[in-house]
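S.K.: The structure file entry-v9.pdb (PDB, C-alpha atoms and all ligand atoms) is provided below.
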```pdb
ATOM      1  CA  MET A 820       0.000   0.000   0.000
ATOM      2  CA  ARG A 821       1.533   3.312  -1.110
ATOM      3  CA  ILE A 822      -0.011   6.365   0.503
ATOM      4  CA  LEU A 823       0.709   9.835  -0.816
ATOM      5  CA  GLY A 824       0.254  12.837   1.472
ATOM      6  CA  ILE A 825      -0.209  16.236  -0.139
ATOM      7  CA  CYS A 826       0.347  19.285   2.037
ATOM      8  CA  GLY A 827      -1.321  22.464   0.781
ATOM      9  CA  SER A 828      -0.357  24.782   3.611
ATOM     10  CA  PRO A 829       2.061  27.580   2.730
ATOM     11  CA  ARG A 830       3.236  27.601   6.365
ATOM     12  CA  LYS A 831       6.216  25.386   7.204
ATOM     13  CA  GLY A 832       5.434  23.275  10.249
ATOM     14  CA  GLY A 833       1.868  24.610  10.287
ATOM     15  CA  ASN A 834      -1.170  22.971  11.817
ATOM     16  CA  THR A 835      -2.327  20.897   8.844
ATOM     17  CA  GLU A 836       1.233  19.763   8.244
ATOM     18  CA  VAL A 837       1.464  18.473  11.822
ATOM     19  CA  LEU A 838      -1.764  16.485  11.363
ATOM     20  CA  LEU A 839      -0.758  15.169   7.947
ATOM     21  CA  LYS A 840       2.624  13.958   9.205
ATOM     22  CA  GLU A 841       0.921  12.261  12.126
ATOM     23  CA  ALA A 842      -1.496  10.494   9.760
ATOM     24  CA  LEU A 843       1.416   9.351   7.610
ATOM     25  CA  ARG A 844       3.255   8.136  10.702
ATOM     26  CA  GLY A 845       0.214   6.045  11.598
ATOM     27  CA  ALA A 846       0.020   4.677   8.061
ATOM     28  CA  GLU A 847       3.713   3.819   8.018
ATOM     29  CA  GLU A 848       3.500   2.045  11.352
ATOM     30  CA  ALA A 849       0.596   0.031   9.929
ATOM     31  CA  GLY A 850       2.833  -1.130   7.093
ATOM     32  CA  ALA A 851       2.210   1.383   4.289
ATOM     33  CA  LYS A 852       4.895   3.036   2.183
ATOM     34  CA  VAL A 853       4.345   6.747   2.588
ATOM     35  CA  GLU A 854       5.477   9.887   0.806
ATOM     36  CA  VAL A 855       4.627  13.539   1.359
ATOM     37  CA  LEU A 856       4.616  16.386  -1.166
ATOM     38  CA  PHE A 857       4.629  20.027  -0.155
ATOM     39  CA  LEU A 858       2.814  22.119  -2.724
ATOM     40  CA  ARG A 859       4.569  25.262  -1.465
ATOM     41  CA  ASP A 860       7.821  23.824  -2.860
ATOM     42  CA  LYS A 861       6.294  23.207  -6.288
ATOM     43  CA  SER A 862       5.874  25.538  -9.186
ATOM     44  CA  ILE A 863       2.364  24.877 -10.468
ATOM     45  CA  SER A 864       0.570  27.312 -12.769
ATOM     46  CA  PRO A 865      -3.175  27.791 -12.457
ATOM     47  CA  CYS A 866      -5.297  26.104 -15.115
ATOM     48  CA  LEU A 867      -5.255  28.399 -18.173
ATOM     49  CA  GLU A 868      -8.415  26.906 -19.675
ATOM     50  CA  ILE A 869      -6.796  26.232 -23.028
ATOM     51  CA  TYR A 870      -8.061  22.646 -22.958
ATOM     52  CA  GLY A 871      -4.968  21.121 -24.552
ATOM     53  CA  CYS A 872      -5.975  18.135 -22.394
ATOM     54  CA  LYS A 873      -8.854  17.384 -24.759
ATOM     55  CA  GLU A 874      -6.339  15.625 -27.036
ATOM     56  CA  ASP A 875      -5.415  12.785 -24.676
ATOM     57  CA  GLY A 876      -6.249  13.842 -21.137
ATOM     58  CA  ARG A 877      -2.765  15.207 -20.433
ATOM     59  CA  CYS A 878      -2.319  18.794 -19.275
ATOM     60  CA  VAL A 879      -0.124  20.605 -21.822
ATOM     61  CA  ILE A 880       1.340  23.147 -19.386
ATOM     62  CA  GLU A 881       4.805  21.895 -18.523
ATOM     63  CA  ASP A 882       5.696  22.534 -14.894
ATOM     64  CA  ASP A 883       5.812  20.615 -11.587
ATOM     65  CA  PHE A 884       2.197  19.497 -12.035
ATOM     66  CA  GLN A 885       3.252  16.581 -14.236
ATOM     67  CA  GLY A 886       5.422  15.053 -11.503
ATOM     68  CA  VAL A 887       2.773  15.582  -8.823
ATOM     69  CA  ALA A 888       0.104  14.092 -11.103
ATOM     70  CA  GLU A 889       2.227  11.013 -11.716
ATOM     71  CA  LYS A 890       2.577  10.442  -7.969
ATOM     72  CA  MET A 891      -1.144  10.999  -7.370
ATOM     73  CA  ILE A 892      -2.037   8.450 -10.014
ATOM     74  CA  GLY A 893       0.609   5.978  -8.836
ATOM     75  CA  ALA A 894      -0.493   5.972  -5.184
ATOM     76  CA  ASP A 895      -2.931   3.438  -3.735
ATOM     77  CA  ALA A 896      -4.508   6.057  -1.470
ATOM     78  CA  LEU A 897      -4.259   9.804  -0.926
ATOM     79  CA  ILE A 898      -4.324  12.098   2.072
ATOM     80  CA  LEU A 899      -4.877  15.732   1.168
ATOM     81  CA  ALA A 900      -4.255  18.352   3.853
ATOM     82  CA  SER A 901      -5.121  22.017   3.491
ATOM     83  CA  PRO A 902      -5.937  24.837   5.890
ATOM     84  CA  ILE A 903      -9.198  26.695   5.370
ATOM     85  CA  PHE A 904      -8.640  29.935   3.503
ATOM     86  CA  PHE A 905     -11.875  31.857   2.946
ATOM     87  CA  TYR A 906     -13.982  28.743   3.445
ATOM     88  CA  THR A 907     -12.138  26.683   0.888
ATOM     89  CA  VAL A 908      -8.686  25.173   0.343
ATOM     90  CA  SER A 909      -5.473  27.235   0.139
ATOM     91  CA  ALA A 910      -4.476  28.733  -3.209
ATOM     92  CA  HIS A 911      -1.631  26.203  -3.495
ATOM     93  CA  THR A 912      -4.155  23.392  -3.202
ATOM     94  CA  LYS A 913      -6.672  24.997  -5.529
ATOM     95  CA  MET A 914      -4.073  25.406  -8.289
ATOM     96  CA  LEU A 915      -3.356  21.681  -8.132
ATOM     97  CA  MET A 916      -7.081  20.925  -8.143
ATOM     98  CA  ASP A 917      -7.776  23.087 -11.176
ATOM     99  CA  ARG A 918      -4.958  21.492 -13.147
ATOM    100  CA  CYS A 919      -6.636  18.141 -12.445
ATOM    101  CA  GLN A 920      -9.399  19.290 -14.778
ATOM    102  CA  SER A 921      -7.225  17.355 -17.257
ATOM    103  CA  PHE A 922      -8.184  14.149 -15.400
ATOM    104  CA  TRP A 923     -11.833  15.165 -15.377
ATOM    105  CA  VAL A 924     -11.596  15.620 -19.175
ATOM    106  CA  LYS A 925      -9.901  12.233 -19.475
ATOM    107  CA  ARG A 926     -12.601  10.451 -17.459
ATOM    108  CA  TYR A 927     -15.764  12.226 -18.486
ATOM    109  CA  LEU A 928     -15.164  13.704 -21.958
ATOM    110  CA  LEU A 929     -12.683  11.264 -23.459
ATOM    111  CA  LYS A 930     -14.165   8.302 -21.536
ATOM    112  CA  MET A 931     -10.677   7.010 -20.799
ATOM    113  CA  GLU A 932      -9.629   5.262 -17.600
ATOM    114  CA  ILE A 933      -7.243   7.141 -15.334
ATOM    115  CA  ALA A 934      -5.368   3.943 -14.479
ATOM    116  CA  PRO A 935      -6.696   1.077 -16.602
ATOM    117  CA  GLY A 936      -8.024  -1.913 -14.647
ATOM    118  CA  ARG A 937      -7.435  -0.460 -11.215
ATOM    119  CA  PRO A 938     -10.339  -0.172  -8.742
ATOM    120  CA  ARG A 939     -11.347   3.183  -7.271
ATOM    121  CA  ARG A 940      -9.093   4.325  -4.468
ATOM    122  CA  LYS A 941      -9.634   5.905  -1.081
ATOM    123  CA  GLY A 942      -8.792   9.441  -0.102
ATOM    124  CA  ALA A 943      -8.806  11.293   3.185
ATOM    125  CA  PHE A 944      -8.987  15.021   3.764
ATOM    126  CA  ILE A 945      -7.444  16.825   6.721
ATOM    127  CA  SER A 946      -8.201  20.469   7.401
ATOM    128  CA  VAL A 947      -7.914  23.120  10.053
ATOM    129  CA  GLY A 948      -9.654  26.493  10.433
ATOM    130  CA  ALA A 949      -9.491  29.295  12.961
ATOM    131  CA  THR A 950     -13.188  29.796  13.542
ATOM    132  CA  ARG A 951     -15.818  27.441  14.957
ATOM    133  CA  GLY A 952     -18.855  27.854  12.719
ATOM    134  CA  LYS A 953     -21.027  24.866  11.975
ATOM    135  CA  ARG A 954     -20.592  25.328   8.225
ATOM    136  CA  LEU A 955     -16.839  26.036   8.269
ATOM    137  CA  PHE A 956     -16.043  22.905   6.244
ATOM    138  CA  ALA A 957     -19.270  22.686   4.216
ATOM    139  CA  GLY A 958     -17.896  24.137   0.976
ATOM    140  CA  VAL A 959     -14.457  22.584   1.129
ATOM    141  CA  THR A 960     -15.842  19.105   1.661
ATOM    142  CA  LEU A 961     -17.785  19.319  -1.591
ATOM    143  CA  THR A 962     -14.737  20.723  -3.394
ATOM    144  CA  VAL A 963     -12.517  17.893  -2.189
ATOM    145  CA  ARG A 964     -15.138  15.228  -2.967
ATOM    146  CA  TYR A 965     -15.270  16.259  -6.615
ATOM    147  CA  PHE A 966     -11.514  16.820  -6.894
ATOM    148  CA  PHE A 967     -10.959  13.284  -5.645
ATOM    149  CA  ASP A 968     -13.598  11.949  -8.021
ATOM    150  CA  ALA A 969     -11.680  13.318 -11.017
ATOM    151  CA  LEU A 970      -8.744  11.191  -9.835
ATOM    152  CA  ASP A 971     -10.873   8.077  -9.383
ATOM    153  CA  VAL A 972     -10.720   8.483  -5.628
ATOM    154  CA  ASP A 973     -13.605   8.350  -3.128
ATOM    155  CA  LEU A 974     -13.627  10.744  -0.200
ATOM    156  CA  TRP A 975     -13.316   8.033   2.429
ATOM    157  CA  ASP A 976     -12.802  10.028   5.633
ATOM    158  CA  THR A 977     -12.114  13.527   6.919
ATOM    159  CA  LEU A 978     -10.425  15.066   9.925
ATOM    160  CA  LEU A 979     -11.692  18.638  10.304
ATOM    161  CA  VAL A 980     -10.474  20.730  13.214
ATOM    162  CA  ARG A 981     -12.046  24.032  14.269
ATOM    163  CA  GLY A 982     -10.613  26.802  16.438
ATOM    164  CA  VAL A 983      -6.940  26.454  15.489
ATOM    165  CA  ASP A 984      -5.178  29.549  14.176
ATOM    166  CA  GLU A 985      -1.613  30.260  15.316
ATOM    167  CA  LYS A 986       1.252  28.049  14.167
ATOM    168  CA  GLY A 987       1.623  25.187  16.612
ATOM    169  CA  GLU A 988      -1.782  25.729  18.220
ATOM    170  CA  ILE A 989      -2.707  22.240  17.026
ATOM    171  CA  PHE A 990      -0.428  20.820  19.746
ATOM    172  CA  ASP A 991      -3.085  21.922  22.268
ATOM    173  CA  HIS A 992      -5.432  19.435  20.559
ATOM    174  CA  ARG A 993      -3.956  16.098  21.554
ATOM    175  CA  GLU A 994      -7.147  14.228  20.678
ATOM    176  CA  GLU A 995      -7.091  15.463  17.098
ATOM    177  CA  ILE A 996      -3.427  14.561  16.735
ATOM    178  CA  GLN A 997      -4.285  11.075  17.938
ATOM    179  CA  ALA A 998      -7.243  11.007  15.509
ATOM    180  CA  ALA A 999      -4.862  11.850  12.647
ATOM    181  CA  TYR A1000      -2.583   8.973  13.623
ATOM    182  CA  GLU A1001      -5.564   6.607  13.758
ATOM    183  CA  LEU A1002      -6.867   7.841  10.415
ATOM    184  CA  GLY A1003      -3.527   6.969   8.803
ATOM    185  CA  ARG A1004      -3.521   3.537  10.417
ATOM    186  CA  ARG A1005      -7.061   2.788   9.287
ATOM    187  CA  LEU A1006      -6.359   3.933   5.753
ATOM    188  CA  ALA A1007      -3.282   1.720   5.523
ATOM    189  CA  ARG A1008      -5.316  -1.273   6.679
ATOM    190  CA  GLU A1009      -8.205  -0.714   4.266
ATOM    191  CA  GLU A1010      -8.546  -3.334   1.571
ATOM    192  CA  GLY A1011      -9.452  -2.531  -2.023
TER
HETATM  193  C1  LIG B   1      -5.542  33.801   3.676
HETATM  194  C2  LIG B   1      -6.169  33.195   4.887
HETATM  195  C3  LIG B   1      -7.530  32.965   4.898
HETATM  196  C4  LIG B   1      -8.126  32.330   5.991
HETATM  197  N1  LIG B   1      -9.467  32.099   5.958
HETATM  198  C5  LIG B   1     -10.055  31.453   7.000
HETATM  199  C6  LIG B   1     -11.461  31.185   6.980
HETATM  200  O1  LIG B   1     -12.176  31.482   6.034
HETATM  201  N2  LIG B   1     -12.000  30.562   8.054
HETATM  202  C7  LIG B   1     -11.248  30.191   9.141
HETATM  203  O2  LIG B   1     -11.801  29.621  10.091
HETATM  204  N3  LIG B   1      -9.906  30.416   9.175
HETATM  205  C8  LIG B   1      -9.300  31.041   8.136
HETATM  206  N4  LIG B   1      -7.939  31.281   8.162
HETATM  207  C9  LIG B   1      -7.126  30.784   9.308
HETATM  208  C10 LIG B   1      -6.404  29.456   9.006
HETATM  209  O3  LIG B   1      -7.296  28.465   8.530
HETATM  210  C11 LIG B   1      -5.706  28.947  10.283
HETATM  211  O4  LIG B   1      -4.761  29.893  10.711
HETATM  212  C12 LIG B   1      -5.059  27.594  10.154
HETATM  213  O5  LIG B   1      -4.682  27.115  11.431
HETATM  214  C13 LIG B   1      -3.815  27.621   9.264
HETATM  215  O6  LIG B   1      -3.328  26.304   9.115
HETATM  216  P1  LIG B   1      -1.798  25.963   8.735
HETATM  217  O7  LIG B   1      -0.966  26.323   9.922
HETATM  218  O8  LIG B   1      -1.813  24.529   8.433
HETATM  219  O9  LIG B   1      -1.481  26.777   7.511
HETATM  220  C14 LIG B   1      -7.331  31.936   7.109
HETATM  221  C15 LIG B   1      -5.949  32.196   7.104
HETATM  222  C16 LIG B   1      -5.373  32.826   6.012
HETATM  223  C17 LIG B   1      -3.874  33.081   6.020
END
```
Output the file's structure in the form of structure tokens.
M.R.:
Amino acid sequence: MRILGICGSPRKGGNTEVLLKEALRGAEEAGAKVEVLFLRDKSISPCLEIYGCKEDGRCVIEDDFQGVAEKMIGADALILASPIFFYTVSAHTKMLMDRCQSFWVKRYLLKMEIAPGRPRRKGAFISVGATRGKRLFAGVTLTVRYFFDALDVDLWDTLLVRGVDEKGEIFDHREEIQAAYELGRRLAREEG
């Protein structure tokens, strides 16, 4: 089982990063091979809506997206982690998502398989926001569900933490850190 973690926080050592690393630690201890990508270290253009992908489902903009896409498609399961920025994912995360329109085109317009013969995969979403509103994660959950779907991934589980703002504040939430570890373990043990 290869699990890819994708960190969309621009902040080094930030709250979502802490939770993501904990989830990956849990997955690794349960026997998975894990890898983490930091989108802040990647150079990924926004989608330019030129639809070069309508040829064969491959995005024609050449930048770090191609390498990230290859890893996303090669993994058996994904864990996406992004802080809440204006009730959705961070800009780093959204740029990656929009470039995955090429996979949506591949699946739904060109009717091609993303990875021929492979069953749908599982994906988890980890997020943190400063406020505590009931609907804080309402929009982002829908966004992530359909982003995952374009990659042939089902949104399998979420870990959504309210009331965390300053860097490191997540360490005051021991239960959520434990929940992240458990999420990684459960994902690694999932079959099919
Ligand atoms: C540009 C920006 C927009 C934000 N928008 C929201 C928001 O809409 N709702 C919220 O609860 N917190 C918002 N926050 C706070 C972050 O979600 C919070 O600080 C979080 O802990 C950051 O996680 P990180 O350390 O993983 O980057 C925003 C922060 C920034 C920098």
S.K.: For His992 (chain A), find every residue with an atom within 12 Å (counting all atoms listed in the file), except residues of its own chain fewer than 4 positions away, and show them as a list in words.
M.R.: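 With the cut-off at 12 Å, the set is Asn834, Val837, Leu838, Val947, Val980, Arg981, Gly982, Val983, Asp984, Gly987, Glu988, Ile996, Gln997, Ala998 and Ala999 of chain A.
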S.K.: Please identify every polymer residue within 10 Å of ligand LIG 1 (chain B), using all atoms listed in the file, and present the set as a PDB file with C-alpha atoms, in the frame of the given file.
M.R.:
```pdb
ATOM      1  CA  CYS A 826       0.347  19.285   2.037  1.00  0.00           C
ATOM      2  CA  GLY A 827      -1.321  22.464   0.781  1.00  0.00           C
ATOM      3  CA  SER A 828      -0.357  24.782   3.611  1.00  0.00           C
ATOM      4  CA  PRO A 829       2.061  27.580   2.730  1.00  0.00           C
ATOM      5  CA  ARG A 830       3.236  27.601   6.365  1.00  0.00           C
ATOM      6  CA  LYS A 831       6.216  25.386   7.204  1.00  0.00           C
ATOM      7  CA  GLY A 832       5.434  23.275  10.249  1.00  0.00           C
ATOM      8  CA  GLY A 833       1.868  24.610  10.287  1.00  0.00           C
ATOM      9  CA  ASN A 834      -1.170  22.971  11.817  1.00  0.00           C
ATOM     10  CA  THR A 835      -2.327  20.897   8.844  1.00  0.00           C
ATOM     11  CA  GLU A 836       1.233  19.763   8.244  1.00  0.00           C
ATOM     12  CA  VAL A 837       1.464  18.473  11.822  1.00  0.00           C
ATOM     13  CA  LEU A 838      -1.764  16.485  11.363  1.00  0.00           C
ATOM     14  CA  LEU A 839      -0.758  15.169   7.947  1.00  0.00           C
ATOM     15  CA  ALA A 900      -4.255  18.352   3.853  1.00  0.00           C
ATOM     16  CA  SER A 901      -5.121  22.017   3.491  1.00  0.00           C
ATOM     17  CA  PRO A 902      -5.937  24.837   5.890  1.00  0.00           C
ATOM     18  CA  ILE A 903      -9.198  26.695   5.370  1.00  0.00           C
ATOM     19  CA  PHE A 904      -8.640  29.935   3.503  1.00  0.00           C
ATOM     20  CA  PHE A 905     -11.875  31.857   2.946  1.00  0.00           C
ATOM     21  CA  TYR A 906     -13.982  28.743   3.445  1.00  0.00           C
ATOM     22  CA  THR A 907     -12.138  26.683   0.888  1.00  0.00           C
ATOM     23  CA  VAL A 908      -8.686  25.173   0.343  1.00  0.00           C
ATOM     24  CA  SER A 909      -5.473  27.235   0.139  1.00  0.00           C
ATOM     25  CA  ALA A 910      -4.476  28.733  -3.209  1.00  0.00           C
ATOM     26  CA  ILE A 945      -7.444  16.825   6.721  1.00  0.00           C
ATOM     27  CA  SER A 946      -8.201  20.469   7.401  1.00  0.00           C
ATOM     28  CA  VAL A 947      -7.914  23.120  10.053  1.00  0.00           C
ATOM     29  CA  GLY A 948      -9.654  26.493  10.433  1.00  0.00           C
ATOM     30  CA  ALA A 949      -9.491  29.295  12.961  1.00  0.00           C
ATOM     31  CA  THR A 950     -13.188  29.796  13.542  1.00  0.00           C
ATOM     32  CA  ARG A 951     -15.818  27.441  14.957  1.00  0.00           C
ATOM     33  CA  GLY A 952     -18.855  27.854  12.719  1.00  0.00           C
ATOM     34  CA  ARG A 954     -20.592  25.328   8.225  1.00  0.00           C
ATOM     35  CA  LEU A 955     -16.839  26.036   8.269  1.00  0.00           C
ATOM     36  CA  PHE A 956     -16.043  22.905   6.244  1.00  0.00           C
ATOM     37  CA  VAL A 980     -10.474  20.730  13.214  1.00  0.00           C
ATOM     38  CA  ARG A 981     -12.046  24.032  14.269  1.00  0.00           C
ATOM     39  CA  GLY A 982     -10.613  26.802  16.438  1.00  0.00           C
ATOM     40  CA  VAL A 983      -6.940  26.454  15.489  1.00  0.00           C
ATOM     41  CA  ASP A 984      -5.178  29.549  14.176  1.00  0.00           C
ATOM     42  CA  GLU A 985      -1.613  30.260  15.316  1.00  0.00           C
ATOM     43  CA  LYS A 986       1.252  28.049  14.167  1.00  0.00           C
ATOM     44  CA  GLY A 987       1.623  25.187  16.612  1.00  0.00           C
ATOM     45  CA  GLU A 988      -1.782  25.729  18.220  1.00  0.00           C
ATOM     46  CA  ILE A 989      -2.707  22.240  17.026  1.00  0.00           C
TER      47      ILE A 989
END
```
S.K.: Interatomic distance between CA of Leu867 (chain A) and CA of Arg918 (chain A)?
M.R.: 8.5 Å
S.K.: Do you know which residues are at most 9 Å from Phe884 (chain A) counting all atoms listed in the file, after dropping those on the same chain fewer than 3 positions away, and could you put them as a list in words?
M.R.: Lys861, Ser862, Ile863, Ser864, Cys878, Ile880, Glu881, Val887, Ala888, Glu889, Leu915, Arg918 and Cys919 of chain A
S.K.: Contacts of Glu932 (chain A) at 10 Å or less, counting all atoms listed in the file, minus same-chain residues fewer than 6 places along, as a list in words?
M.R.: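 Those residues are Gly876, Phe922, Lys925, Arg926, Leu970 and Asp971 of chain A.
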S.K.: Taking into account only C-alpha atoms, which residue in the set A:Gly1003, A:Gly824, A:Pro935, A:Gly871 is nearest to Arg844 (chain A)?
M.R.: A:Gly1003
S.K.: Looking at A:Asp860, A:Asp895, A:Glu841, A:Glu848, which one is nearest to Val972 (chain A), with distances taken over all atoms listed in the file?
M.R.: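 When distances to Val972 (chain A) are compared using all atoms listed in the file, the smallest one comes from A:Asp895.
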S.K.: Given the choices A:Asp991, A:Glu847, A:Glu854, A:Glu874, which gets closest to Leu929 (chain A) if the distance is worked out from only C-alpha atoms?
M.R.: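 Ranked by minimum distance to Leu929 (chain A), first place goes to A:Glu874.
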S.K.: Find the residues around Trp975 (chain A) up to 10 Å (all atoms listed in the file counted), leave out those fewer than 2 positions away in its own chain, and share them as a list in words.
M.R.: Ala896, Leu897, Ile898, Arg940, Lys941, Gly942, Ala943, Phe944, Arg964, Phe967, Val972, Asp973, Thr977 and Leu1006 of chain A
S.K.: Name every residue that the PyMOL selection byres (((chain A and resi 852) around 10) and not hetatm) selects in this structure, writing the answer as a PyMOL selection string with chains first and numbers rising.
M.R.: chain A and resi 820-823+843+846-851+853-854+894-895+1007
S.K.: Hey, which of A:Glu1009, A:Glu995, A:His911, A:Ala957 ends up closest to Ala842 (chain A)? Count only C-alpha atoms.
M.R.: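 Looking at the shortest contact to Ala842 (chain A), the residue is A:Glu995.
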S.K.: Got a sec: who's within 10 Å of Glu868 (chain A), counting only C-alpha atoms, leaving out chain neighbours fewer than 2 positions off, as a PyMOL selection string?
M.R.: chain A and resi 865-866+870-872+917-918+920-921
S.K.: Considering all atoms listed in the file, state which residue in the set A:Ile892, A:Asp882, A:Glu1001, A:Ile869 is at the smallest distance from Arg937 (chain A).
M.R.: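 Among the listed residues, A:Ile892 lies closest to Arg937 (chain A).
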S.K.: Between CA of Thr912 (chain A) and CA of Arg859 (chain A), what is the spacing in Å?
M.R.: 9.1 Å
